[in-house]
Each structure stands twice: as C-alpha cells, then as structure tokens.
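Peer 1: Dropping the structure in here first, questions after.
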Amino acid sequence: MSKTGFPAAARRELGDAQMRHNVGKATSTIRARRAARVAEVPDWEALRDAGAAIKARAMATLPEQLERLEASVTRAGGQVHWAGDAAECNAIVSGIVRAHGAREVIKVKSLATDEIGLNDALAADGVEAIETDLAELINQLGHDTSSHILVPAIHRNRAEIKQLFERTIARGQDLGWEAQSLAEAARRHLREKFLSVPVATSGANFAVAETGTIGVVESEGNGRMCLTLPRVLVTVMGIEKVLPEWRDLEVFLQLLPRSATGERMNPYTSLWTGVHAGDGPQDFHLVLLDNGRTDVLGDEVGRQALHCIRCSACLNSCPVYSRVGGHAYESVYPGPIGAILTPQLRGLENAPTLPWASSLCGACYEVCPVKINIPSVLLHLRGRVTREYKSRRSPEALAMEAVGRVFGSQRRYEQAQKLARLGRGPIVTAALPGWTEMRGLPEVPEQTFRDWWRSRTPPPARRDGSTP
Amino acid sequence: MRVALFITCFNDTLFPETGRAVVTLLERLGCEVDFPEAQTCCGQMHVNTGYQERGLTLARRFQRVFADAEVVVSPSASCVAYLRENGAGLDGRLAELTEFLVDRLEVEDVGATFPHRVALHPTCHSVRLMGIGDRPQRLLERVRGIDLVTLDDAAVCCGFGGTFAVKNADTSMAMLSDKLRDVLNSGADVCTAADNSCLLHIGGALRRQRAGVRVVHLAEILAAT
C-alpha cells in the first residue's frame, strides 16, 4: 500500500469498526495487566532511572561497545558482519543462506528484519522465510502487515484467525472456537519446520559487549526452537541494542516483561554466547545493522528514541494508537515510539506527518520503562520539520506568523479580538480550519474578559497603568 | 494577598465568564486581584504546532509582563505546564488556580454551592505535565449540593491537543466520541475541568449532539454561591 501520511491513513483505518474494537479491547487488557504488575515493584522508578542511565551510557560509548561486542562474539566462535543499510544487510543474510544451500529459513519474530524487508529480499532469491511467532504467522498467512510491536496481529480477533487458519494451514478442517485448538493448528504446522529447516534468523533484545552474549525474550517457545535446533543461526540486530555489561541485564529483564506483556517474567529467555560444539547452532552470524541509526545519534534531543527496548507500553497506553491501530503509522514501528523513531530513521522528509500523530497527552512518557520523553521529542521533531522542510509561505506558516505578530503587542491583540467577534481576522484564521466540520463552536462573546475588567464599577485597585 | 491574573488569550477572547469567576472567587477569598493588560498569549499553540521560535518569544514576553508580580494565577493548567516546561514559570511564582487555592491559600472549602451532578475531566496537562494531583477533586468535594461522579477512563485524553484537533481531526473525533460516551454514561449534567481547551472540544461535540450536558470551567463552580 502506498504511503499517504498519518492523517489520511488514520482516517482510513478508523473506518474499520472491527479493527477499532479489536485493538481497543486488546490494548485496554494489556494496559490493566501492566499497571498491576508494575505496581508490585517498590523500586520501579529507580529501575526506570537505571534503565535510562544504562542506555544513555551505551549510546554515548557506542563505537567502543560495538567493537567490544565484535571481539567477544568472535572470541566465542561467532562471525560478526556490519551492515550500513537495509540492502547491505539483506545481501549479507542472503549470502549466508545461499552458502548453506537452504531454500527455507525459520524466523524468530524480529522488528529489525521487518524494518529491512528481509522476507521479500529472501523471496527474491528463491528462499522462503517462515515466520514462527504465532501473530507473525497469522500476518504472513493473511498477507497482512504487523500493527503492533509486540502483538503484530493485535488488529485481528479470534473469529478472523479461525477463518484464516481453516483456509490455509488446516486445509479446510473445522478448528472450533477454542484459542487452544487454533494455537494447536499453528503448532502442528510449525513443528515440522523446526525439525527440518537448517537455517534460522532472529533479532536480538540485547547483546552484551562484555561477554558477547545475545538475548531474546519471548512468550511462545518458538524462539527457543529456532535458536537451538537449526545448524545455522543468523541474528540481525540494530546497533542500539548493545549493553555494555552482563550485569545490565538485571535491570532490563525486570523492566521489559512487566512493561510489555504485564508479566513478572517472560516465559522464555534465551541467552547464547558464540558456538558450542555439539550444542545448538554450529555456525552463528551476528549482523550489526545501522540503517539510519547513526544519523539519529547525531540529534541531541531525538537520540533518546534509540533507548527503546520495544516493550510497546507506549502503544498500549496511547489514546491515538489504541483507536487508529498500527497500520495508520505506515511503519514497522507504530505508536508513539514509531512517531519519533520512523521519521528519524527514514529521514524527516519521508515521514513528515508522524511527529503530529499525537495529542501530547503524555501517557507514553509516563509508562516508558527507560523514560524516553516522547512528547518532548515529538515537539522537537515538529520544530525540525517546520524549519527544515515546510514552506514559510504555506497557509499554516503565514497564519502562525500573523497570529504570532498579533500576540506580540497588546494593541494588535485587542484589535484582533474585535475582529474575531465578527468571525474574521488572524485569530480565527489560525484556529478554525477543520474544527467546525465535527464540533460546534461557541459564539465569540460580545465582551472579552478585558472589556469586562475595564468596565467594572467601582474600578478595583489597579496599578498605575504602566505596561512593559 | 495581591495576585496577578494570567487569564490566557483563549479565556480572554472566548470564555470571559471563566475570568470573571476567577476574579469573584479570589476576591471572595480575600485576594486583591490585578490584571496586567499587556498580557496576550503564552505561545503554547506556536510551540506545539512546530513554530518554536515564535512561541518562545511569546513565553519571554509573558515573563516580562509578569516580571514584577508577587504571585501569578492562571485558570489554565495547560498554559502553566507549558510555561514551566520552557523556563517561564517565574521561579515558582506562577500557579495554576487549584494549586494556588490548595497550596498557597490553604483552602479546600471555598464557600461554593453548586447543586448539580458533575463529572470532572482531569485533563492530560493537569495530571501528567503539571502534576495537579487531586486538588480539583478535593476542591469540588467541598462544594455544597454537588453530586460528584467519576468518569470511566477519566485520565484518558479527550483528543483536543491544540492544533491536533484540526490536523488530525478524524483521530481527534474518535478519541472524543469515547470521552463523550463516558461523560454520558456517568449521568452528569455538567462536565468540568481545570482547562477550557478540553472543554471547548468536549462541549463543542455535546452541543452539536444536543446531548443535554453542559461544560463549565472549575473556577465557575468554585465561584458559584
């Protein structure tokens, strides 16, 4: 689907009443679960501070940490590759798959590989990428795209999934309405693949520079299968996922599951360090992906977007996301974090409406486990888009300029108030377009407050009329 | 106590009754109210829309206009939060109305009577940016005759967001329709808030729907006798 920008995409998505219901219900369930699990932790605020501090340190010393990581992964028997952009990364992964003569790869859910369009790139090479996360599988079978960082098929309900599975992997068999039997159908389909496909790809939640250990946290166990059964494992990770020290994991393994799924601990935490003879994949590749991240680091305010640990708490808490769903953001990174990450990764000119896809209500900042101040980054990016890419002669810019001049002087302001009463002038032009289509507007009152103040009898004690 | 009123351009032009209520209330509580007439706009709309430079120029102008005031009180949590965030909080001398009442004057019972069923919309900027806490709630609870009801999902945004409401009008309306549902479900005949911006939005739709629920700024309830 071609990209239309957020307002139009949101308008389209809001037309889907079923999606609105599905996403609204799912986000409110996860939101409540998260709140309960976070409330149990007495030092939650201190954990958030620690998470933010570790990430800030990792980003401030990124080149050093990545070189440490490369050295420790190599020492443990893995191979490290560096990819500047999506095309380079896809070529590296394709090359590894080709070298092993594989026609299929099994995939652990990974945003980095979605970001670079790995599945399509492999398909162009005649290799089928098989998603093994249940929700990713649902999207793949339905030729659909992800709409949530953690729950990619959150826009689908059980009835839709039942019909999809019966049409595809269950080959016409009636699966019934139980969630368990639907999951069982996926399990049967995937089990065969886990046991036969020789190459797996994954992303990474964390990579520890000190030890060369990579970590993936998940709920279903499909990740564990992919990370242990195949002969070859290729992990694609954004360079911002590196953590300096092993002990840093302690903080994130507490922050992530409670923020993400509202669980005290996620069901599966897989950690691996290089290659071990006779145990797990015998050929391990780590591809370090930049794809715009270095540019993001160059923006002093915007760079905190790179601290994100992909928990999705900001999506679930966002009143915009929970109504428009993920597809409105036209990116693998939807929601508030997507609104600040996508424009920075792609270039502001390529996603110029996303920084405005927020009412600045602050719910995202309140829940972020690493305290990314999303509203302030949104404002910063709005300023950058306006300064760097918008015409100074656009109707909006001219209206803002005019009303700004009006507010710059008491005399001009009072004149404009008189005009506003007649439904005209710079205040009306700046504030009104699009409003009255759906909402009523009060009549501009006959008397402004300041008119009333001046008309008070007896006049109250006032200063001697001096104005700065 | 001598108090300078920062009414905000929005209230000055569109909601003078809120300003009159603030003056009535503060004078009733023994304050001497001053209204520096050079005041205009704090620049929040400009900053939130992407025109930082112009907005911050207006924030600095605000600082100059109120430079000599002992205490500045404003009936807009949103403008106060924005000014503080941008270093124009007058070194702690700028207070939102309910903060001023509860923290500075140390009153919760302001002597008001308002015999209606009222739902409080807490507003995002009050709760999350400014940290207003339960001050509006505490003030309302002491109003005589009031029947205070709670909104479901009270802390969720109504969808106003300044120019968000026009730049993303469809999304804004989707958020608003959920807020309206909660307001109507509450059985309130009045919806109140510490900010008229949200109330312009909520009230605009209630009026369009002929819903029979009106919006009233918190100051007007507290001023009522």
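Starting from 1 in every chain, residues are counted up; chains themselves are A, B, ... following the order of the structure tokens, and ligands are numbered from 1 as listed.
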Give me the residues within 7 Å of range 367-380 of chain A as a compact mmCIF listing (two decimals) with C-alpha atoms, in the first residue's frame, counting only C-alpha atoms and dropping any in the same chain fewer than 5 places off.
Peer 2:
# COMPACT_ATOMS: atom_id res chain seq x y z
CA ARG A 48 13.44 3.17 35.17
CA ASP A 49 16.22 5.59 36.08
CA GLY A 51 17.44 1.64 32.54
CA ALA A 52 17.65 5.17 31.16
CA LEU A 255 11.67 -3.72 33.12
CA SER A 259 6.10 -3.25 30.67
CA VAL A 301 17.17 15.55 21.58
CA GLY A 302 15.99 12.86 19.18
CA GLN A 304 16.82 9.08 23.12
CA ALA A 305 14.49 7.24 20.72
CA HIS A 307 16.96 3.81 24.07
CA ALA A 313 3.83 0.08 26.73
CA CYS A 314 3.62 3.42 24.92
CA PRO A 336 4.28 6.97 19.98
CA ILE A 340 9.57 9.64 16.86
CA PRO A 355 5.52 13.95 14.69
CA LEU A 360 0.78 15.32 23.53
CA GLY A 362 1.95 12.39 27.99
CA ASN B 48 3.04 22.69 19.91
CA GLY B 50 6.19 23.42 15.37
Peer 1: Find the residues near Val332 in chain A: any atom within 10 Å, counting only C-alpha atoms, skip ones fewer than 3 places away on the same chain, and give them as a compact mmCIF listing (two decimals) with N, CA and C atoms, in the first residue's frame.
Peer 2:
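Saved to around_5.txt:
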# COMPACT_ATOMS: atom_id res chain seq x y z
N LEU A 111 11.83 -7.23 14.70
CA LEU A 111 11.49 -5.95 14.07
C LEU A 111 12.59 -5.50 13.12
N ALA A 112 13.85 -5.79 13.48
CA ALA A 112 14.95 -5.37 12.62
C ALA A 112 14.81 -5.99 11.24
N THR A 113 14.45 -7.30 11.18
CA THR A 113 14.32 -7.93 9.87
C THR A 113 13.07 -7.42 9.14
N ASP A 114 12.04 -7.03 9.87
CA ASP A 114 10.88 -6.41 9.22
C ASP A 114 11.26 -5.04 8.66
N GLU A 115 12.03 -4.31 9.45
CA GLU A 115 12.45 -2.96 9.03
C GLU A 115 13.18 -3.00 7.69
N ILE A 116 14.02 -4.03 7.49
CA ILE A 116 14.82 -4.08 6.25
C ILE A 116 14.12 -4.88 5.16
N GLY A 117 12.94 -5.42 5.44
CA GLY A 117 12.21 -6.18 4.42
C GLY A 117 12.93 -7.46 4.05
N THR A 145 0.24 -6.99 7.30
CA THR A 145 1.45 -6.47 7.93
C THR A 145 1.21 -6.26 9.42
N SER A 146 2.31 -6.16 10.12
CA SER A 146 2.25 -6.01 11.58
C SER A 146 1.60 -4.68 11.96
N SER A 147 0.85 -4.71 13.08
CA SER A 147 0.22 -3.46 13.52
C SER A 147 0.57 -3.14 14.97
N HIS A 148 1.52 -3.89 15.54
CA HIS A 148 1.90 -3.67 16.94
C HIS A 148 3.31 -4.23 17.09
N ILE A 149 4.11 -3.62 17.95
CA ILE A 149 5.49 -4.07 18.10
C ILE A 149 5.56 -5.46 18.72
N PRO A 152 1.82 -8.44 16.86
CA PRO A 152 1.70 -7.92 15.49
C PRO A 152 0.33 -8.11 14.86
N GLY A 326 -2.20 0.13 14.38
CA GLY A 326 -0.81 0.28 13.95
C GLY A 326 -0.62 0.65 12.50
N HIS A 327 -1.53 0.23 11.62
CA HIS A 327 -1.30 0.45 10.19
C HIS A 327 -1.31 1.92 9.81
N TYR A 329 0.29 4.18 11.04
CA TYR A 329 1.63 4.78 11.17
C TYR A 329 2.53 4.40 9.99
N GLY A 335 2.76 3.60 16.77
CA GLY A 335 2.53 4.18 18.10
C GLY A 335 3.46 5.34 18.38
N GLY A 338 7.03 4.90 17.43
CA GLY A 338 7.15 4.95 15.97
C GLY A 338 7.10 6.38 15.46
N THR A 342 10.42 6.45 13.43
CA THR A 342 10.32 6.31 11.97
C THR A 342 10.83 7.55 11.22
Peer 1: For chain A against chain B, which residues fall within 6 Å using only C-alpha atoms, given as a short mmCIF file (atom, residue, chain, number, x, y, z; two decimals) with N, CA and C atoms, in the first residue's frame?
Peer 2:
data_model
loop_
_atom_site.label_atom_id
_atom_site.label_comp_id
_atom_site.auth_asym_id
_atom_site.auth_seq_id
_atom_site.Cartn_x
_atom_site.Cartn_y
_atom_site.Cartn_z
N PRO A 7 -2.57 11.53 8.76
CA PRO A 7 -4.00 11.90 8.86
C PRO A 7 -4.90 11.08 7.94
N ARG A 11 -7.56 8.12 9.00
CA ARG A 11 -8.95 8.23 8.58
C ARG A 11 -9.43 6.91 7.97
N SER A 359 -1.61 13.78 20.55
CA SER A 359 -2.25 14.92 21.20
C SER A 359 -1.38 15.46 22.33
N CYS A 361 -0.53 14.02 25.10
CA CYS A 361 -1.20 13.80 26.39
C CYS A 361 -0.24 13.30 27.45
N ARG A 382 8.67 18.27 15.44
CA ARG A 382 7.74 19.20 14.78
C ARG A 382 8.49 20.47 14.39
N GLY A 383 9.31 20.94 15.32
CA GLY A 383 10.09 22.14 15.03
C GLY A 383 11.05 21.91 13.88
N THR A 386 9.17 21.71 10.57
CA THR A 386 8.68 23.04 10.19
C THR A 386 9.82 23.91 9.68
N PHE A 407 -0.04 38.53 18.76
CA PHE A 407 0.20 38.31 20.18
C PHE A 407 1.41 39.08 20.69
N GLN A 410 -0.05 44.35 22.65
CA GLN A 410 -1.38 44.48 23.26
C GLN A 410 -2.36 45.13 22.30
N GLY A 434 -11.19 23.20 9.81
CA GLY A 434 -11.38 21.80 10.13
C GLY A 434 -12.13 21.56 11.42
N TRP A 435 -12.26 22.59 12.22
CA TRP A 435 -12.87 22.38 13.55
C TRP A 435 -14.37 22.14 13.45
N ARG A 439 -17.46 19.61 15.22
CA ARG A 439 -17.76 20.12 16.56
C ARG A 439 -18.38 21.50 16.46
N GLY A 440 -19.29 21.78 17.36
CA GLY A 440 -19.83 23.13 17.39
C GLY A 440 -18.82 24.08 18.00
N LEU A 441 -18.96 25.33 17.72
CA LEU A 441 -18.06 26.33 18.30
C LEU A 441 -18.94 27.36 19.02
N VAL A 444 -18.41 33.81 19.67
CA VAL A 444 -17.43 34.66 20.34
C VAL A 444 -18.23 35.70 21.14
N THR A 448 -15.08 40.76 25.80
CA THR A 448 -13.94 39.95 26.23
C THR A 448 -13.78 40.12 27.73
N PHE A 449 -12.92 39.28 28.29
CA PHE A 449 -12.67 39.43 29.72
C PHE A 449 -12.11 40.81 30.04
N THR A 467 2.82 49.65 31.35
CA THR A 467 2.90 48.35 30.67
C THR A 467 4.32 48.14 30.19
N PRO A 468 4.79 46.93 30.33
CA PRO A 468 6.17 46.69 29.92
C PRO A 468 6.33 46.74 28.40
#
Peer 1: Would you pick out the contacts of Val215 in chain B at 7 Å or less, using only C-alpha atoms, so that residues sharing its chain but fewer than 4 positions from it are not included, and give the list as a PyMOL selection string?
Peer 2: chain B and resi 190-192+199+203
Peer 1: Any chance you could export the current selection's N, CA and C atoms as a PDB file, in the first residue's frame?
Peer 2:
ATOM      1  N   VAL B 190     -23.253  18.196  34.159  1.00  0.00           N
ATOM      2  CA  VAL B 190     -22.189  19.171  33.935  1.00  0.00           C
ATOM      3  C   VAL B 190     -20.859  18.430  33.867  1.00  0.00           C
ATOM      4  N   CYS B 191     -20.042  18.769  32.866  1.00  0.00           N
ATOM      5  CA  CYS B 191     -18.685  18.244  32.797  1.00  0.00           C
ATOM      6  C   CYS B 191     -17.736  19.408  33.047  1.00  0.00           C
ATOM      7  N   THR B 192     -16.800  19.219  33.990  1.00  0.00           N
ATOM      8  CA  THR B 192     -15.910  20.317  34.337  1.00  0.00           C
ATOM      9  C   THR B 192     -14.455  19.905  34.201  1.00  0.00           C
ATOM     10  N   LEU B 199     -12.535  21.608  27.381  1.00  0.00           N
ATOM     11  CA  LEU B 199     -13.986  21.829  27.478  1.00  0.00           C
ATOM     12  C   LEU B 199     -14.555  22.409  26.186  1.00  0.00           C
ATOM     13  N   GLY B 203     -17.299  20.169  24.925  1.00  0.00           N
ATOM     14  CA  GLY B 203     -18.549  20.929  24.869  1.00  0.00           C
ATOM     15  C   GLY B 203     -19.044  21.137  23.445  1.00  0.00           C
TER      16      GLY B 203
END
Peer 1: Within range 23-208 of chain B, find each residue whose DSSP state, derived from the backbone, is alpha helix (DSSP H), and express the selection as a ChimeraX atom specification.
Peer 2: /B:23-28,44-49,52-65,77-85,97-99,124,135-141,164-167,169-185,196-208
Peer 1: Considering only C-alpha atoms, state which residue in the set B:Thr24, B:Gln63, B:Ser78, B:Thr113 is at the smallest distance from Gly131 in chain B.
Peer 2: B:Ser78
Peer 1: Could you go through range 99-169 of chain B and tell me which residues DSSP, when run on the backbone, assigns to strand (DSSP E), listing them as a JSON list (two decimals) with C-alpha atoms, in the first residue's frame?
Peer 2:
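In the end it all went to part-v5.json:
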[["chain", "number", "residue", "atom", "x", "y", "z"],
["B", 117, "ARG", "CA", -24.36, 16.26, 39.09],
["B", 118, "VAL", "CA", -20.81, 16.97, 37.97],
["B", 119, "ALA", "CA", -18.13, 14.87, 36.25],
["B", 120, "LEU", "CA", -14.52, 16.04, 36.42],
["B", 147, "ASP", "CA", -23.13, 15.36, 43.27],
["B", 148, "LEU", "CA", -19.67, 14.43, 42.04],
["B", 149, "VAL", "CA", -19.49, 11.40, 39.74]]
Peer 1: If we count only C-alpha atoms, what is near Pro352 in chain A at a cut-off of 8 Å, once residues fewer than 5 positions away on the same chain are taken out, given as a ChimeraX atom specification?
Peer 2: /A:5,343,385
Peer 1: Which neighbours of range 275-281 of chain A fall inside 6 Å, counting only C-alpha atoms, when residues of the same chain fewer than 3 positions from it are skipped, and could you give them as a PyMOL selection string?
Peer 2: chain A and resi 77+228+230-232
Peer 1: Write the residues you've just listed into a file as an mmCIF file, in the first residue's frame, and include N, CA and C atoms for each of them.
Peer 2:
data_model
loop_
_atom_site.group_PDB
_atom_site.id
_atom_site.type_symbol
_atom_site.label_atom_id
_atom_site.label_comp_id
_atom_site.auth_asym_id
_atom_site.auth_seq_id
_atom_site.Cartn_x
_atom_site.Cartn_y
_atom_site.Cartn_z
ATOM 1 N N GLY A 77 33.476 -17.759 18.938
ATOM 2 C CA GLY A 77 33.247 -18.626 17.776
ATOM 3 C C GLY A 77 32.176 -18.142 16.819
ATOM 4 N N THR A 228 17.871 -22.964 18.830
ATOM 5 C CA THR A 228 18.623 -24.149 19.264
ATOM 6 C C THR A 228 18.646 -25.280 18.249
ATOM 7 N N PRO A 230 18.242 -25.411 14.505
ATOM 8 C CA PRO A 230 18.917 -25.382 13.205
ATOM 9 C C PRO A 230 20.449 -25.425 13.336
ATOM 10 N N ARG A 231 21.103 -25.738 12.239
ATOM 11 C CA ARG A 231 22.573 -25.784 12.233
ATOM 12 C C ARG A 231 23.150 -24.370 12.172
ATOM 13 N N VAL A 232 22.394 -23.490 11.483
ATOM 14 C CA VAL A 232 22.914 -22.147 11.226
ATOM 15 C C VAL A 232 21.964 -21.107 11.839
#
Peer 1: From the options A:Ala328, A:Val80, A:Leu137, A:Val127, which residue's atoms come nearest to Leu66 in chain A, counting only C-alpha atoms?
Peer 2: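 The closest residue to Leu66 in chain A is A:Val80.
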Peer 1: Extract, using only C-alpha atoms, all DNA, RNA and protein residues at most 12 Å from Cys89 in chain A, discarding same-chain residues fewer than 2 positions from it, and format them as number ranges by chain.
Peer 2: A: 80-87, 91-96, 112-118, 121-122, 234-238, 285-291
Peer 1: Might you pull out every residue within 8 Å of Ala76 in chain A, with only C-alpha atoms counted and same-chain residues fewer than 5 positions away left off, and present them as a short mmCIF file (atom, residue, chain, number, x, y, z; two decimals) with C-alpha atoms, in the first residue's frame?
Peer 2:
data_model
loop_
_atom_site.label_atom_id
_atom_site.label_comp_id
_atom_site.auth_asym_id
_atom_site.auth_seq_id
_atom_site.Cartn_x
_atom_site.Cartn_y
_atom_site.Cartn_z
CA GLY A 212 29.36 -11.49 23.55
CA THR A 273 27.34 -16.86 23.51
CA GLY A 274 29.01 -17.87 20.25
CA VAL A 275 29.17 -21.54 19.29
#
Peer 1: What's the separation between CA of Gly145 in chain B and CA of Arg181 in chain B, in Å to one decimal place?
Peer 2: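 That distance, rounded to one decimal, is 25.1 Å.
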Peer 1: Record the distance separating CA of Arg31 in chain A and CA of Ala56 in chain A, expressed in Å with one decimal.
Peer 2: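 CA of Ala56 in chain A lies at a distance of 26.7 Å from CA of Arg31 in chain A.
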